[in-house]
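Enquirer: Below is a structure I'd like to ask you about.
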Amino acid sequence: MSETNSTVMKAAELLRLFLSHPNLSLPQIVKLSGQPKTSAYRMLCSLEETGFVRRTADGAYELGLVFLQFAHALSERLDIRKVSLPVMQRLGKEIGEAVNLIVRDGNEAIYVEKVDTTEPVRVYTAIGRRAPLYGGACPRILLTYMPEEELKAYLSQVKLEPIADNTITDLEQLRRKIAEDRANGYTVSHSELYNFTSAVGAPIFDHSGRVVAGLSIVGPENRFCDEKLPFYIEKTVAAAKEISEKLGWSRGERRGA
């Protein structure tokens with residue numbers, strides 16, 4: 001185990017003590033953890049500085065309020081999955097293509113829910129799969145509605161790597177595409193993440209009007225022809241709006257990037 005991993009593990013051991021104890025003194029922590037007093041104290045100082053623990057009035061330690069933020073973020077994501085799945089299943093039946101739900105994780109999009117197509121020819125996706133925010137319809141919808149300052153920072157440092165034949169690798173082209181997608185309220189991509197595949201993505205808003213997820217349909221490019229594409233866009237956008245409304249969003253609360 002590396003020194004860094006060892007430090008993380010020791011910190012995790014201390015934090016787990018508070019799952020069964022609302023607060024603990026330093027001697028109690030040393031006794032329960034088996035860590036040397038000096039090491040435990042240094043670790044607690046670091047955890048206090050980062051907000052993971054805080055001191056009580058009598059000098060004991062308890063979990064910091066930062067855990068409420070983590071709990072809220074996790075609850076929000078889990079709620080999105082629960083609310084979205086029935087809508088995704090219905091959308092999948094209506095259009096006959098795979099449906100994905102993604103959320104942002106730093107500078108990547110992560111797939112957190114999926115509904116497979118029943119078609120024999122399909123595009124492979126998996127829960128837990130990651131993709132760059134600039135690549136493909138669904139990841140790019142998160143980029144499109146990113147808060148302006150975050151978007152500027154992202155564009156100033158992103159390295160646009162080719163992933164498939166039509167991946168956007170020119171920064172100015174990406175800027176134009178973001179503006180277009182924002183005006184349209186949806187995204188479309190062809191052969192950006194995988195060759196010969198197409199996707200349509202739409203934003204999901206929470207009660208405050210913030211984009212918290214993206215909904216997409218994906219399938220072989222030959223099934224996303226000009227005749228079908230308007231229907232696919234209409235259904236995807238409508239499904240994303242339905243999920244948004246279930247999360248408490250109303251059209252008057254929409255907030256741009």
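Naming scheme: A, B, ... for chains in displayed order of the structure tokens; residues 1 onward per chain; ligands 1 onward as shown.
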Compile the contact shell of segment 30-45 of chain A as an MDAnalysis selection string: residues with an atom at most 10 Å away, counting only C-alpha atoms, same-chain residues fewer than 5 positions apart removed.

Expert: chainID A and resid 7:8 10:11 13:17 24:25 50:55 61

Enquirer: Enumerate, in order of chain and increasing residue number, the residues of segment 154-219 of chain A with an atom no farther than 9 Å from segment 226-233 of chain A, each with its shortest atom pair and distance in Å to one decimal, counting only C-alpha atoms, as JSON lines.

Expert:
{"residue": "A:Tyr186", "atom": "CA", "partner": "A:Ile233", "partner_atom": "CA", "distance": 7.5}
{"residue": "A:Thr187", "atom": "CA", "partner": "A:Ile233", "partner_atom": "CA", "distance": 8.6}
{"residue": "A:Val188", "atom": "CA", "partner": "A:Ile233", "partner_atom": "CA", "distance": 8.4}
{"residue": "A:Val200", "atom": "CA", "partner": "A:Ile233", "partner_atom": "CA", "distance": 6.4}
{"residue": "A:Gly201", "atom": "CA", "partner": "A:Ile233", "partner_atom": "CA", "distance": 8.0}
{"residue": "A:Ala202", "atom": "CA", "partner": "A:Ile233", "partner_atom": "CA", "distance": 8.4}
{"residue": "A:Ile217", "atom": "CA", "partner": "A:Tyr232", "partner_atom": "CA", "distance": 8.0}

Enquirer: Could you write those residues out with C-alpha atoms, as a PDB file, in the first residue's frame?

Expert:
ATOM      1  CA  TYR A 186     -31.256  19.724 -27.436  1.00  0.00           C
ATOM      2  CA  THR A 187     -28.192  18.117 -28.997  1.00  0.00           C
ATOM      3  CA  VAL A 188     -27.674  15.727 -31.903  1.00  0.00           C
ATOM      4  CA  VAL A 200     -30.122  12.873 -29.341  1.00  0.00           C
ATOM      5  CA  GLY A 201     -29.714  14.533 -25.934  1.00  0.00           C
ATOM      6  CA  ALA A 202     -31.858  16.883 -23.844  1.00  0.00           C
ATOM      7  CA  ILE A 217     -31.373   8.132 -26.985  1.00  0.00           C
TER       8      ILE A 217
END

Enquirer: Return the single residue from A:Leu171, A:Val115, A:Leu47, A:Leu247 that is closest to Ser208 of chain A, with distances computed using only C-alpha atoms.

Expert: A:Leu247

Enquirer: So which residues of segment 18-236 of chain A fall under strand (DSSP E) by DSSP, listed as a PyMOL selection string?

Expert: chain A and resi 53-55+61-63+98-105+108-115+130-132+187-190+197-205+211-220

Enquirer: Considering only C-alpha atoms, can you say which of A:Glu148, A:Asp116, A:Glu192, A:Asp165 comes closest to Ala179 of chain A?

Expert: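 The answer is A:Glu148, which sits nearest to Ala179 of chain A.
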
Enquirer: Give me every alpha helix (DSSP H) residue in segment 10-229 of chain A, going by DSSP on the backbone, as JSON, numbers by chain.

Expert: {"A": [10, 11, 12, 13, 14, 15, 16, 17, 26, 27, 28, 29, 30, 31, 32, 33, 37, 38, 39, 40, 41, 42, 43, 44, 45, 46, 47, 48, 49, 66, 67, 68, 69, 70, 71, 72, 73, 74, 75, 76, 77, 78, 79, 80, 81, 82, 83, 84, 85, 86, 87, 88, 89, 90, 91, 92, 93, 94, 95, 137, 138, 139, 140, 141, 142, 143, 144, 148, 149, 150, 151, 152, 153, 154, 155, 156, 157, 171, 172, 173, 174, 175, 176, 177, 178, 179, 180, 181, 182, 183, 184, 229]}

Enquirer: Smallest atom-to-atom distance to Gln157 of chain A: which of A:Gly219, A:Arg81, A:Asn107, A:Gln89, using only C-alpha atoms?

Expert: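 Closest residue, counting only C-alpha atoms: A:Asn107.
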
Enquirer: For Val218 of chain A, work out the shell of residues within 10 Å, counting only C-alpha atoms and skipping chain neighbours fewer than 3 positions away, then give it as a list in words.

Expert: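 Neighbouring residues, sequence-local ones excluded: Gly96, Glu97, Ala98, Val99, Asn100, Asp116, Thr117, Arg122, Val123, Tyr124, Thr125, Gly136, Ala137, Cys138, Val188, Ser189, His190, Thr197, Ser198, Ala199, Val200, Gly201, Glu221, Arg223, Phe224 and Tyr232 of chain A.
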
Enquirer: For the residues in the current selection, export N, CA, C and O atoms as a compact mmCIF listing (two decimals), in the first residue's frame.

Expert:
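Once everything was written out, this is again.txt:
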# COMPACT_ATOMS: atom_id res chain seq x y z
N GLY A 96 -38.08 2.78 -29.68
CA GLY A 96 -37.39 1.55 -30.01
C GLY A 96 -35.87 1.64 -29.95
O GLY A 96 -35.17 0.78 -30.51
N GLU A 97 -35.32 2.66 -29.28
CA GLU A 97 -33.88 2.81 -29.16
C GLU A 97 -33.47 2.83 -27.69
O GLU A 97 -34.30 2.98 -26.80
N ALA A 98 -32.17 2.66 -27.46
CA ALA A 98 -31.66 2.69 -26.09
C ALA A 98 -31.77 4.10 -25.52
O ALA A 98 -31.65 5.09 -26.24
N VAL A 99 -32.00 4.17 -24.22
CA VAL A 99 -32.14 5.45 -23.52
C VAL A 99 -31.14 5.49 -22.37
O VAL A 99 -30.98 4.52 -21.63
N ASN A 100 -30.45 6.63 -22.25
CA ASN A 100 -29.43 6.78 -21.21
C ASN A 100 -29.68 8.01 -20.36
O ASN A 100 -30.20 9.02 -20.84
N ASP A 116 -32.20 -0.59 -22.31
CA ASP A 116 -31.73 -1.16 -23.57
C ASP A 116 -32.83 -1.22 -24.61
O ASP A 116 -34.02 -1.30 -24.28
N THR A 117 -32.43 -1.21 -25.86
CA THR A 117 -33.36 -1.42 -26.95
C THR A 117 -33.60 -2.91 -27.15
O THR A 117 -32.78 -3.75 -26.74
N ARG A 122 -27.65 -2.98 -31.90
CA ARG A 122 -27.74 -1.95 -30.87
C ARG A 122 -26.38 -1.34 -30.60
O ARG A 122 -25.34 -1.88 -31.01
N VAL A 123 -26.39 -0.23 -29.87
CA VAL A 123 -25.16 0.43 -29.45
C VAL A 123 -24.93 0.08 -27.98
O VAL A 123 -25.82 0.22 -27.15
N TYR A 124 -23.72 -0.38 -27.68
CA TYR A 124 -23.41 -0.80 -26.32
C TYR A 124 -23.19 0.40 -25.43
O TYR A 124 -22.41 1.29 -25.73
N THR A 125 -23.91 0.44 -24.32
CA THR A 125 -23.65 1.41 -23.26
C THR A 125 -23.73 0.68 -21.93
O THR A 125 -24.30 -0.42 -21.85
N GLY A 136 -20.21 13.73 -28.06
CA GLY A 136 -21.51 13.08 -28.16
C GLY A 136 -22.64 13.94 -27.62
O GLY A 136 -22.44 14.87 -26.83
N ALA A 137 -23.85 13.61 -28.04
CA ALA A 137 -25.01 14.45 -27.74
C ALA A 137 -25.30 14.57 -26.25
O ALA A 137 -25.50 15.67 -25.74
N CYS A 138 -25.34 13.44 -25.55
CA CYS A 138 -25.75 13.52 -24.15
C CYS A 138 -24.70 14.18 -23.27
O CYS A 138 -25.03 15.07 -22.48
N VAL A 188 -27.68 16.88 -30.99
CA VAL A 188 -27.67 15.73 -31.90
C VAL A 188 -26.22 15.44 -32.26
O VAL A 188 -25.43 16.37 -32.47
N SER A 189 -25.87 14.18 -32.33
CA SER A 189 -24.51 13.82 -32.73
C SER A 189 -24.53 12.59 -33.63
O SER A 189 -25.42 11.74 -33.52
N HIS A 190 -23.54 12.53 -34.49
CA HIS A 190 -23.36 11.39 -35.38
C HIS A 190 -21.88 11.00 -35.38
O HIS A 190 -21.02 11.81 -35.70
N THR A 197 -22.79 5.57 -35.12
CA THR A 197 -23.85 5.68 -34.13
C THR A 197 -24.33 7.12 -34.07
O THR A 197 -23.60 8.05 -34.40
N SER A 198 -25.58 7.28 -33.68
CA SER A 198 -26.16 8.62 -33.53
C SER A 198 -26.86 8.73 -32.19
O SER A 198 -27.23 7.72 -31.58
N ALA A 199 -27.04 9.97 -31.73
CA ALA A 199 -27.69 10.20 -30.45
C ALA A 199 -28.40 11.54 -30.45
O ALA A 199 -28.03 12.46 -31.18
N VAL A 200 -29.42 11.63 -29.61
CA VAL A 200 -30.12 12.87 -29.34
C VAL A 200 -30.11 13.06 -27.83
O VAL A 200 -30.40 12.13 -27.08
N GLY A 201 -29.76 14.27 -27.37
CA GLY A 201 -29.71 14.53 -25.93
C GLY A 201 -30.53 15.75 -25.56
O GLY A 201 -30.68 16.69 -26.36
N GLU A 221 -26.50 4.69 -36.68
CA GLU A 221 -26.69 5.92 -37.44
C GLU A 221 -27.77 5.77 -38.52
O GLU A 221 -28.52 6.70 -38.79
N ARG A 223 -30.51 4.34 -38.42
CA ARG A 223 -31.87 4.43 -37.90
C ARG A 223 -32.22 5.86 -37.48
O ARG A 223 -33.37 6.14 -37.12
N PHE A 224 -31.25 6.77 -37.52
CA PHE A 224 -31.50 8.17 -37.19
C PHE A 224 -31.53 9.00 -38.47
O PHE A 224 -30.82 9.99 -38.62
N TYR A 232 -37.66 11.76 -33.03
CA TYR A 232 -36.78 11.39 -31.94
C TYR A 232 -36.48 12.61 -31.05
O TYR A 232 -36.46 12.50 -29.81

Enquirer: As an exercise, work out the distance from atom CA of Ile95 of chain A to atom CA of Ile110 of chain A in Å and give it to one decimal place.

Expert: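 We find that atom CA of Ile95 of chain A and atom CA of Ile110 of chain A lie 23.1 Å from each other.
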
Enquirer: In Å to one decimal, how far is atom CA of Ser46 of chain A from atom CA of Val66 of chain A?

Expert: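 Atom CA of Val66 of chain A sits 14.0 Å away from atom CA of Ser46 of chain A.
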